[in-house]
Amino acid sequence: MQTVTHCPVCQQIGTKIDTATVKSQIIVSLHRVSDYPYHFCKQANCEVVYYDEAGAVFTVSDVREQVYQKQPYNDDVLVCYCFYHTLGAIKQHIQQHKGQTIVDDINTGIQTGKCACDWRNPQGSCCLGNVRKLMKEMNPNT
């Protein structure tokens with residue numbers, strides 16, 4: 001069998017993701033989870049969130065959380081899933097405090113061992129990159 005490394009819908013290359021993340025995020029029977037490696041599709045214009053290397057998919061309607069990468073303009077979507085920072089709250093903090101309070105809060109959570117991005121964040125990795133990217137986009141001089 002040929003392995004699928006591109007999203008079967010949008011054809012973009014996804015990020016390899018731990019199956020534990022997929023299992024913790026989906027709201028459908030775990031019988032649907034395969035033994036094939038999974039990938040995360042971050043393309044906003046694609047309904048696929050996870051796909052395996054055999055071509056099976058889980059879409060936005062199959063996951064517990066709204067996915068920031070799928071709704072990058074929705075102020076109510078979480079960007080930080082561990083400490084519940086929404087896009088709107090991050091924008092507000094960036095305007096008021098240049099975003100540092102959000103970064104400090106996330107870093108404190110990480111340093112105290114309270115971060116669980118591999119399970120709580122649909123992308124399966126830390127949100128700090130997303131937060132810093134938002135900060136840069138909103139205030140390019142930082």
# chains A, B, ... in the order shown; residues from 1 in each chain; ligands from 1
>>> residues_around(residues="Thr21 (chain A)", least_positions_apart="4", cutoff="12 Å", atoms="only C-alpha atoms", output="MDAnalysis selection string")
chainID A and resid 16:17 25:26 33 37:40 49:50 63:64 116:125
>>> select_by_dssp(residues="chain A", states="helix (DSSP H, G or I)", output="ChimeraX atom specification")
/A:19-25,30-32,60-62,68-70,87-97,100-111,117-120,128-138
>>> select_by_dssp(residues="region 28-117 of chain A", states="strand (DSSP E or B)", output="number ranges by chain")
A: 38-40, 48-52, 57-59, 63, 78-80, 85-86
>>> closest_residue(among="A:Val103, A:Thr108, A:Ser61, A:Val131", to="Leu87 (chain A)", atoms="only C-alpha atoms")
A:Val131
